[in-house]
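Colleague: Compact mmCIF, C-alpha atoms, saved as work_1.txt, coming up:
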```txt
# COMPACT_ATOMS: atom_id res chain seq x y z
CA MET L 1 0.00 0.00 0.00
CA SER L 2 1.47 3.32 -0.99
CA THR L 3 1.04 6.61 0.77
CA GLN L 4 -2.25 8.18 -0.19
CA GLU L 5 -2.65 11.93 0.01
CA ILE L 6 -5.80 12.85 1.91
CA ASN L 7 -7.36 16.29 1.68
CA LEU L 8 -8.16 16.88 5.35
CA ASN L 9 -10.21 19.99 4.55
CA GLU L 10 -12.94 17.75 3.07
CA TYR L 11 -13.64 16.30 6.50
CA LYS L 12 -13.84 19.55 8.47
CA LEU L 13 -17.35 20.47 9.57
CA HIS L 14 -16.39 24.14 9.90
CA GLU L 15 -13.30 26.34 9.69
CA GLY L 16 -10.93 25.59 12.55
CA ASP L 17 -12.43 22.13 13.12
CA THR L 18 -9.85 19.74 14.55
CA GLY L 19 -11.92 17.53 16.82
CA SER L 20 -14.87 16.17 14.88
CA ALA L 21 -14.94 12.40 14.42
CA PRO L 22 -14.75 12.46 10.58
CA TYR L 23 -11.71 14.77 10.71
CA GLN L 24 -10.02 12.55 13.31
CA VAL L 25 -10.64 9.45 11.17
CA ALA L 26 -9.09 11.15 8.14
CA LEU L 27 -6.09 12.30 10.20
CA LEU L 28 -5.57 8.82 11.66
CA THR L 29 -5.85 7.29 8.19
CA GLN L 30 -3.14 9.63 6.91
CA ARG L 31 -0.88 8.67 9.83
CA ILE L 32 -1.60 4.96 9.27
CA PHE L 33 -0.64 5.21 5.58
CA HIS L 34 2.60 6.99 6.50
CA LEU L 35 3.46 4.45 9.20
CA THR L 36 2.67 1.54 6.85
CA ASP L 37 5.20 2.85 4.34
CA HIS L 38 7.75 3.21 7.14
CA LEU L 39 7.18 -0.37 8.28
CA ASN L 40 7.54 -1.71 4.73
CA ALA L 41 11.01 -0.15 4.64
CA ASN L 42 11.92 -1.07 8.25
CA LYS L 43 10.66 -4.59 8.85
CA LYS L 44 12.14 -4.97 12.34
CA ASP L 45 10.75 -1.76 13.86
CA PHE L 46 8.44 -3.48 16.33
CA SER L 47 7.70 -0.43 18.48
CA SER L 48 6.35 1.40 15.43
CA ARG L 49 4.31 -1.68 14.57
CA ARG L 50 2.72 -1.52 18.02
CA GLY L 51 1.97 2.16 17.47
CA LEU L 52 0.35 1.31 14.14
CA LEU L 53 -1.95 -1.21 15.82
CA THR L 54 -2.92 1.44 18.38
CA LEU L 55 -3.80 3.92 15.60
CA VAL L 56 -5.86 1.31 13.75
CA SER L 57 -7.74 0.53 16.96
CA GLN L 58 -8.46 4.22 17.60
CA ARG L 59 -9.72 4.65 14.04
CA ARG L 60 -11.96 1.59 14.34
CA LYS L 61 -13.52 2.96 17.55
CA LEU L 62 -14.17 6.35 15.93
CA LEU L 63 -15.73 4.68 12.89
CA ASP L 64 -18.00 2.64 15.16
CA TYR L 65 -19.04 5.88 16.87
CA ILE L 66 -19.86 7.49 13.51
CA LYS L 67 -21.78 4.39 12.42
CA ARG L 68 -23.97 4.52 15.54
CA GLY L 69 -24.88 8.11 14.71
CA SER L 70 -25.39 7.96 10.97
CA GLU L 71 -25.02 4.97 8.66
CA GLU L 72 -24.94 7.24 5.58
CA LYS L 73 -22.09 9.38 6.94
CA TYR L 74 -20.19 6.22 7.86
CA GLN L 75 -20.53 4.78 4.34
CA GLN L 76 -19.49 8.10 2.81
CA ILE L 77 -16.32 8.28 4.93
CA ILE L 78 -15.39 4.64 4.27
CA GLN L 79 -15.81 5.12 0.54
CA SER L 80 -13.97 8.45 0.32
CA LEU L 81 -10.98 7.14 2.31
CA GLY L 82 -10.93 3.82 0.46
CA LEU L 83 -11.15 1.68 3.59
CA ARG L 84 -12.27 -1.94 3.64
CA ARG L 85 -14.92 -2.63 6.17
```
Please go through the file and, once you have read it, give me the structure as structure tokens.

Modeller:
Amino acid sequence: MSTQEINLNEYKLHEGDTGSAPYQVALLTQRIFHLTDHLNANKKDFSSRRGLLTLVSQRRKLLDYIKRGSEEKYQQIIQSLGLRR
């Protein structure tokens, strides 16, 4: 998987938004893509691998939260970020 550029401004609900769940999911996804590339180059970096699993877990919890609120919003985010779920 290569690094995918994500336009974080798409996920902001308003100007200055840094805490909404969709924005956090997009930010975590960007960090996960970056860390995945790092781990492909550095196979023995186990502490970064543990950090990656933590980020994936955080993103999954946020996506579950969004899904409880609005199934349509959840599907839109999954599709726009290209996540399998």

Colleague: For Ile77 of chain L, please output as a list in words all residues within 9 Å (counting all atoms listed in the file; exclusion window: fewer than 6 positions along the same chain).

Modeller: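 Result of the neighbour search: Tyr11, Pro22, Val25, Ala26, Leu63 and Leu83 of chain L.
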
Colleague: Could you check which of L:Val56, L:Ala41, L:Ile78, L:Leu62 is closest to Gln24 of chain L, using all atoms listed in the file?

Modeller: L:Leu62

Colleague: Work out how far atom CA of Tyr23 of chain L is from atom CA of Asn9 of chain L, in Å to one decimal.

Modeller: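 Going from atom CA of Asn9 of chain L over to atom CA of Tyr23 of chain L covers 8.2 Å.
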
Colleague: Quick check, in Å to one decimal: how far apart do atom CA of Tyr74 of chain L and atom CA of Arg31 of chain L lie?

Modeller: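 For atom CA of Tyr74 of chain L relative to atom CA of Arg31 of chain L, the distance reads 19.6 Å.
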
Colleague: Could you tell me how far atom CA of Glu72 of chain L sits from atom CA of Leu8 of chain L, in Å to one decimal place?

Modeller: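 Computing it gives 19.4 Å between the two atoms.
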
Colleague: As a PyMOL selection string, please: the residues near Phe33 of chain L (cut-off 12 Å, all atoms listed in the file, same-chain neighbours under 4 positions excluded).

Modeller: chain L and resi 1-6+26-29+37-40+52+55-56+81-83

Colleague: So that I can check the surroundings of Gly51 of chain L, please list as a list in words every protein, DNA and RNA residue that reaches within 10 Å of it, counting all atoms listed in the file and ignoring chain neighbours fewer than 5 positions away.

Modeller: Ile32, Leu35, Phe46, Val56 and Ser57 of chain L

Colleague: Edge lengths and centre in Å to one decimal, as lines of an AutoDock Vina configuration file, is what I'm after for the box along x, y and z that holds all listed atoms of segment 60-68 of chain L once 8 Å is added on each side.

Modeller:
```
center_x = -18.0
center_y = 4.5
center_z = 15.0
size_x = 28.0
size_y = 21.9
size_z = 21.1
```

Colleague: Using all atoms listed in the file for the distances, tell me which of L:Asp64, L:Lys12, L:Leu53, L:Ala21 is nearest to Thr36 of chain L.

Modeller: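 Using all atoms listed in the file, the shortest distance to Thr36 of chain L belongs to L:Leu53.
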